[in-house]
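Visitor: What follows is work.cif; its format and atoms are mmCIF, C-alpha atoms and all ligand atoms.
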data_start
#
loop_
_atom_site.label_atom_id
_atom_site.label_comp_id
_atom_site.auth_asym_id
_atom_site.auth_seq_id
_atom_site.Cartn_x
_atom_site.Cartn_y
_atom_site.Cartn_z
CA MET A 1 15.76 13.37 -14.26
CA ARG A 2 14.63 15.46 -17.20
CA ALA A 3 14.06 13.97 -20.67
CA THR A 4 15.39 15.64 -23.82
CA PRO A 5 13.66 17.03 -26.90
CA PHE A 6 15.07 14.00 -28.70
CA ASP A 7 12.83 11.73 -26.66
CA GLY A 8 10.05 11.43 -29.23
CA LYS A 9 12.42 10.96 -32.14
CA PHE A 10 13.46 7.38 -31.55
CA LEU A 11 10.17 5.73 -32.45
CA GLY A 12 7.68 5.76 -35.31
CA GLU A 13 7.71 4.41 -38.81
CA GLU A 14 10.55 6.68 -39.82
CA PRO A 15 12.82 7.04 -36.81
CA TYR A 16 14.90 10.20 -36.85
CA PHE A 17 18.26 8.54 -36.24
CA LYS A 18 19.87 6.07 -38.60
CA LEU A 19 21.14 2.66 -37.55
CA GLU A 20 24.40 2.77 -39.47
CA PRO A 21 27.14 3.33 -36.86
CA THR A 22 29.49 6.31 -36.78
CA GLY A 23 32.43 5.77 -39.15
CA MET A 24 35.16 6.94 -36.80
CA LEU A 25 34.03 4.46 -34.14
CA VAL A 26 33.88 1.59 -36.62
CA GLU A 27 37.46 2.38 -37.65
CA PHE A 28 38.59 2.66 -34.04
CA ALA A 29 36.95 -0.64 -33.05
CA ALA A 30 38.58 -2.42 -35.99
CA GLU A 31 41.99 -1.43 -34.63
CA HIS A 32 41.42 -1.64 -30.87
CA CYS A 33 40.06 -4.92 -29.52
CA GLY A 34 38.21 -4.68 -26.23
CA HIS A 35 39.51 -7.84 -24.50
CA GLY A 36 36.67 -7.55 -22.00
CA ARG A 37 37.51 -4.00 -20.90
CA TYR A 38 34.72 -1.47 -20.34
CA ALA A 39 33.70 1.05 -23.02
CA LEU A 40 31.22 3.87 -22.58
CA ASP A 41 28.89 5.35 -25.17
CA VAL A 42 27.47 8.53 -23.66
CA GLY A 43 24.22 9.85 -25.15
CA CYS A 44 23.98 6.47 -26.84
CA GLY A 45 20.63 7.14 -28.54
CA ASN A 46 19.41 4.06 -30.40
CA GLY A 47 22.47 1.98 -29.45
CA ARG A 48 24.02 1.85 -32.93
CA ASN A 49 27.49 2.65 -31.59
CA ALA A 50 27.33 0.66 -28.34
CA CYS A 51 26.67 -2.33 -30.60
CA VAL A 52 29.99 -1.73 -32.42
CA LEU A 53 31.93 -1.53 -29.14
CA ALA A 54 30.35 -4.74 -27.85
CA SER A 55 31.12 -6.55 -31.11
CA ALA A 56 34.78 -5.47 -30.74
CA GLY A 57 35.00 -7.30 -27.42
CA TYR A 58 34.30 -4.47 -24.98
CA VAL A 59 31.79 -4.64 -22.18
CA ALA A 60 29.85 -1.81 -23.78
CA VAL A 61 27.80 0.46 -21.57
CA GLY A 62 25.39 2.90 -23.21
CA VAL A 63 24.12 5.86 -21.21
CA ASP A 64 21.28 8.15 -22.19
CA ILE A 65 18.90 10.46 -20.41
CA SER A 66 16.01 9.43 -22.65
CA PRO A 67 14.02 6.37 -21.57
CA THR A 68 12.68 6.03 -25.12
CA ALA A 69 16.19 5.93 -26.56
CA LEU A 70 17.18 3.25 -24.07
CA ARG A 71 14.13 1.12 -24.94
CA VAL A 72 15.17 1.18 -28.59
CA ALA A 73 18.87 0.68 -27.77
CA ARG A 74 18.19 -2.47 -25.75
CA ARG A 75 16.55 -3.94 -28.85
CA ILE A 76 19.19 -2.75 -31.36
CA ALA A 77 22.18 -3.71 -29.21
CA PRO A 78 21.28 -6.72 -27.07
CA ASN A 79 25.03 -7.31 -26.62
CA ALA A 80 25.46 -4.05 -24.64
CA LEU A 81 24.36 -2.82 -21.23
CA PHE A 82 22.29 0.34 -20.87
CA VAL A 83 21.88 2.73 -17.98
CA ARG A 84 19.69 5.80 -17.71
CA SER A 85 21.80 8.70 -16.54
CA ASP A 86 22.66 12.29 -17.20
CA VAL A 87 26.21 12.74 -18.51
CA ILE A 88 26.81 15.43 -15.89
CA SER A 89 26.61 12.81 -13.12
CA LEU A 90 27.69 9.35 -14.22
CA PRO A 91 27.00 6.41 -11.89
CA PHE A 92 30.38 4.71 -12.44
CA ARG A 93 33.64 4.20 -10.60
CA ASP A 94 36.66 6.39 -11.30
CA ARG A 95 38.91 5.26 -14.16
CA ILE A 96 36.82 2.28 -15.17
CA PHE A 97 36.46 2.85 -18.92
CA ALA A 98 39.15 2.04 -21.48
CA VAL A 99 37.12 3.97 -24.06
CA ALA A 100 34.61 6.79 -23.73
CA PHE A 101 32.72 7.82 -26.85
CA CYS A 102 30.56 10.96 -27.14
CA GLY A 103 28.49 11.16 -30.32
CA THR A 104 26.73 14.53 -30.70
CA VAL A 105 25.69 14.63 -27.06
CA LEU A 106 27.85 17.36 -25.55
CA SER A 107 26.26 19.85 -27.97
CA CYS A 108 22.99 19.30 -26.06
CA LEU A 109 24.48 20.84 -22.91
CA ASP A 110 24.74 24.42 -21.73
CA GLU A 111 28.07 25.84 -20.54
CA SER A 112 27.80 24.61 -16.96
CA GLY A 113 26.55 21.19 -18.09
CA LEU A 114 29.44 20.91 -20.52
CA ALA A 115 31.99 21.70 -17.80
CA ARG A 116 30.44 19.11 -15.49
CA ALA A 117 30.29 16.50 -18.25
CA ILE A 118 34.00 16.91 -19.02
CA ILE A 119 34.82 16.47 -15.33
CA GLU A 120 32.77 13.27 -15.26
CA LEU A 121 34.25 11.91 -18.47
CA SER A 122 37.75 12.64 -17.18
CA ARG A 123 36.94 10.89 -13.93
CA VAL A 124 35.59 7.66 -15.41
CA THR A 125 38.20 7.25 -18.19
CA MET A 126 41.26 5.26 -17.15
CA PRO A 127 44.75 6.75 -17.56
CA GLY A 128 45.80 6.04 -21.14
CA GLY A 129 42.18 5.32 -22.03
CA TYR A 130 40.69 6.69 -25.23
CA PHE A 131 38.25 9.56 -25.51
CA LEU A 132 36.48 9.84 -28.85
CA LEU A 133 34.24 12.70 -29.80
CA THR A 134 32.20 13.70 -32.79
CA ASP A 135 30.06 16.80 -32.45
CA PHE A 136 28.75 19.81 -34.28
CA SER A 137 31.33 22.35 -35.35
CA VAL A 138 30.96 26.12 -35.29
CA ASP A 139 30.93 25.73 -39.10
CA ASP A 140 27.71 23.70 -38.98
CA PRO A 141 24.85 25.61 -40.66
CA GLY A 142 22.79 25.27 -37.46
CA ALA A 143 25.33 27.38 -35.56
CA SER A 144 23.87 30.45 -37.33
CA GLY A 145 20.47 29.69 -35.79
CA PRO A 146 17.67 27.22 -36.43
CA ASP A 147 16.29 29.32 -39.30
CA ALA A 148 19.56 29.45 -41.21
CA SER A 149 19.43 27.89 -44.63
CA ASP A 150 20.50 24.25 -44.45
CA ALA A 151 20.16 24.13 -40.63
CA SER A 152 19.01 20.66 -39.58
CA GLU A 153 15.75 19.91 -37.80
CA CYS A 154 17.63 19.17 -34.61
CA SER A 155 19.38 22.55 -34.43
CA PRO A 156 16.69 24.03 -32.12
CA PHE A 157 17.76 21.43 -29.52
CA LEU A 158 21.44 22.23 -29.66
CA LYS A 159 23.09 24.57 -27.19
CA HIS A 160 26.71 24.40 -28.21
CA TYR A 161 28.84 24.20 -31.33
CA PHE A 162 32.52 23.33 -30.98
CA GLU A 163 35.73 24.77 -32.31
CA PRO A 164 39.08 22.99 -32.12
CA THR A 165 40.82 25.56 -29.90
CA GLU A 166 38.03 25.33 -27.36
CA LEU A 167 38.23 21.53 -27.31
CA GLN A 168 41.97 21.71 -26.72
CA LYS A 169 41.29 23.96 -23.74
CA ILE A 170 38.45 22.05 -22.09
CA LEU A 171 40.09 18.66 -22.62
CA ALA A 172 43.11 19.63 -20.53
CA GLY A 173 43.17 16.21 -18.86
CA PHE A 174 43.58 14.48 -22.23
CA SER A 175 46.21 14.46 -24.95
CA ILE A 176 44.59 14.97 -28.31
CA GLU A 177 46.12 12.58 -30.84
CA ARG A 178 44.06 13.63 -33.82
CA MET A 179 41.40 16.25 -34.52
CA TRP A 180 39.69 16.85 -37.83
CA LYS A 181 36.50 18.14 -39.40
CA VAL A 182 34.06 16.39 -41.71
CA ARG A 183 31.31 17.84 -43.87
CA LYS A 184 28.44 15.42 -44.42
CA LEU A 185 25.16 15.39 -46.28
CA ASP A 186 22.42 14.11 -43.99
CA ASP A 187 19.45 12.54 -45.75
CA THR A 188 18.27 10.42 -42.84
CA HIS A 189 15.48 12.77 -41.71
CA GLY A 190 13.64 15.77 -43.13
CA PRO A 191 14.99 17.64 -46.14
CA THR A 192 18.58 16.73 -46.99
CA HIS A 193 20.89 19.09 -45.12
CA THR A 194 24.58 19.56 -44.38
CA HIS A 195 26.44 18.98 -41.15
CA VAL A 196 29.95 20.01 -40.27
CA LEU A 197 31.35 17.94 -37.44
CA VAL A 198 34.53 18.16 -35.45
CA ARG A 199 36.00 14.81 -34.49
CA LEU A 200 38.81 13.87 -32.18
CA VAL A 201 40.70 10.96 -30.69
CA ALA A 202 42.40 11.68 -27.36
CA ARG A 203 44.06 9.71 -24.54
CA ARG A 204 43.50 10.33 -20.84
CA ASN A 205 46.65 11.69 -19.29
CA THR A 206 48.47 9.32 -16.96
CA GLY A 207 49.78 11.89 -14.47
CA ASP A 208 46.77 11.73 -12.17
CA ARG A 209 47.87 9.86 -9.04
CA ARG A 210 44.62 10.08 -7.05
CA GLN A 211 43.32 6.80 -5.66
CA PRO A 212 40.26 5.55 -7.53
CA ASN A 213 36.95 5.98 -5.78
CA THR A 214 35.67 2.42 -5.41
CA ALA A 215 32.09 3.28 -4.51
CA ILE A 216 29.51 2.50 -7.16
CA ALA A 217 26.52 4.81 -6.95
C1 LIG B 301 21.88 13.69 -31.42
S1 LIG B 301 21.50 12.34 -30.39
C2 LIG B 301 22.88 11.26 -30.71
C3 LIG B 301 22.62 9.83 -30.34
C4 LIG B 301 23.79 8.87 -30.55
N1 LIG B 301 25.01 9.30 -29.90
C5 LIG B 301 24.04 8.63 -32.01
O1 LIG B 301 25.09 9.06 -32.52
O2 LIG B 301 23.18 8.03 -32.66
C6 LIG B 301 21.85 12.96 -28.76
C7 LIG B 301 21.54 11.95 -27.66
O3 LIG B 301 22.03 12.48 -26.42
C8 LIG B 301 21.05 12.25 -25.42
N2 LIG B 301 21.25 13.26 -24.37
C9 LIG B 301 21.02 14.59 -24.44
N3 LIG B 301 21.36 15.20 -23.30
C10 LIG B 301 21.86 14.23 -22.49
C11 LIG B 301 22.39 14.24 -21.16
N4 LIG B 301 22.47 15.37 -20.46
N5 LIG B 301 22.82 13.07 -20.62
C12 LIG B 301 22.72 11.90 -21.34
N6 LIG B 301 22.22 11.84 -22.59
C13 LIG B 301 21.79 12.99 -23.16
C14 LIG B 301 19.72 12.37 -26.16
O4 LIG B 301 18.65 11.75 -25.46
C15 LIG B 301 20.06 11.68 -27.47
O5 LIG B 301 19.86 10.29 -27.39
#
Could you take the file, read its structure, and then write that structure out as structure tokens?

Guide:
Amino acid sequence: MRATPFDGKFLGEEPYFKLEPTGMLVEFAAEHCGHGRYALDVGCGNGRNACVLASAGYVAVGVDISPTALRVARRIAPNALFVRSDVISLPFRDRIFAVAFCGTVLSCLDESGLARAIIELSRVTMPGGYFLLTDFSVDDPGASGPDASDASECSPFLKHYFEPTELQKILAGFSIERMWKVRKLDDTHGPTHTHVLVRLVARRNTGDRRQPNTAIA
């Protein structure tokens, strides 16, 4: 399994990623108790968001391709479980997760990876389960190229920027309840720069009558 360019960015005296969790997930967790159901944080990085899901009563499972990220995450979120995996091939049963959260991970994928990731996320999310996404918008300065003024340091790693109409199309197996954009100043690494993110809350459609695949890889 390949690592990502983010690999080296989780350690050091000034780690690249902050520990404060993502606001939309904090708000979601405050309103949706886990009651022991499974929640997935894909591309979990340092575990800041898996920690929130676990504290809300979910069995939180963080997945990342980076072994370094997972080492940090196990320390930051001892209340969550962590698995090394690529989002394009998740080692979980069909329909097991009541919540699947993707925080700026799908933007790391190329077109074919993105298509495969959506298939996997659709497969593992239970009917009626929540899908939450925050990722870079086509309005993000980095979308104009890594040398654009105000592009962040991580823009050379990103392969995709999202627009709402595209998300509506690729998330055909979900009903989008809410989609919005946020503009944020990021002063957590390098020179202060701007990000524009698209965020959404969706529910997995219930019409899928296939029997769950009970094999665990
Ligand atoms: C920008 S970071 C975001 C981390 C975390 N979601 C957060 O909000 O702090 C992107 C993360 O996605 C992970 N990643 C990139 N490609 C991945 C893939 N194909 N499968 C799983 N994780 C991946 C990276 O290792 C990194 O931890």

Visitor: Using all atoms listed in the file, list the residues that have an atom at most 6 Å from (24.3, 8.5, -23.0), coordinates as in the file, as a VMD selection string.

Guide: chain A and resid 41 to 44 62 to 64

Visitor: Within 9 Å of ligand LIG 301 (chain B) (counting all atoms listed in the file), which residues show up? I'd like them as a PyMOL selection string.

Guide: chain A and resi 2-7+9-10+17-22+41-49+63-70+84-90+101-109+113-114+117+134-135+154+157-158

Visitor: One decimal, in Å: what's the spacing between CA of Lys181 (chain A) and CA of His195 (chain A)?

Guide: 10.2 Å

Visitor: Nearest to Arg123 (chain A) among A:Phe174, A:Trp180, A:Phe136, A:Phe162, with distances taken over only C-alpha atoms: which residue is it?

Guide: A:Phe174

Visitor: Report as a PyMOL selection string all protein, DNA and RNA residues lying within 12 Å of Ala98 (chain A), evaluated on all atoms listed in the file, omitting residues in the same chain fewer than 5 positions from it.

Guide: chain A and resi 32-41+53+57-61+121-132+202-204

Visitor: Which of these, A:Phe97, A:Phe92, A:Ala56, A:Val198, has the shortest distance to Asn79 (chain A) once you count all atoms listed in the file?

Guide: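 For Asn79 (chain A), the nearest of the candidates is A:Ala56.
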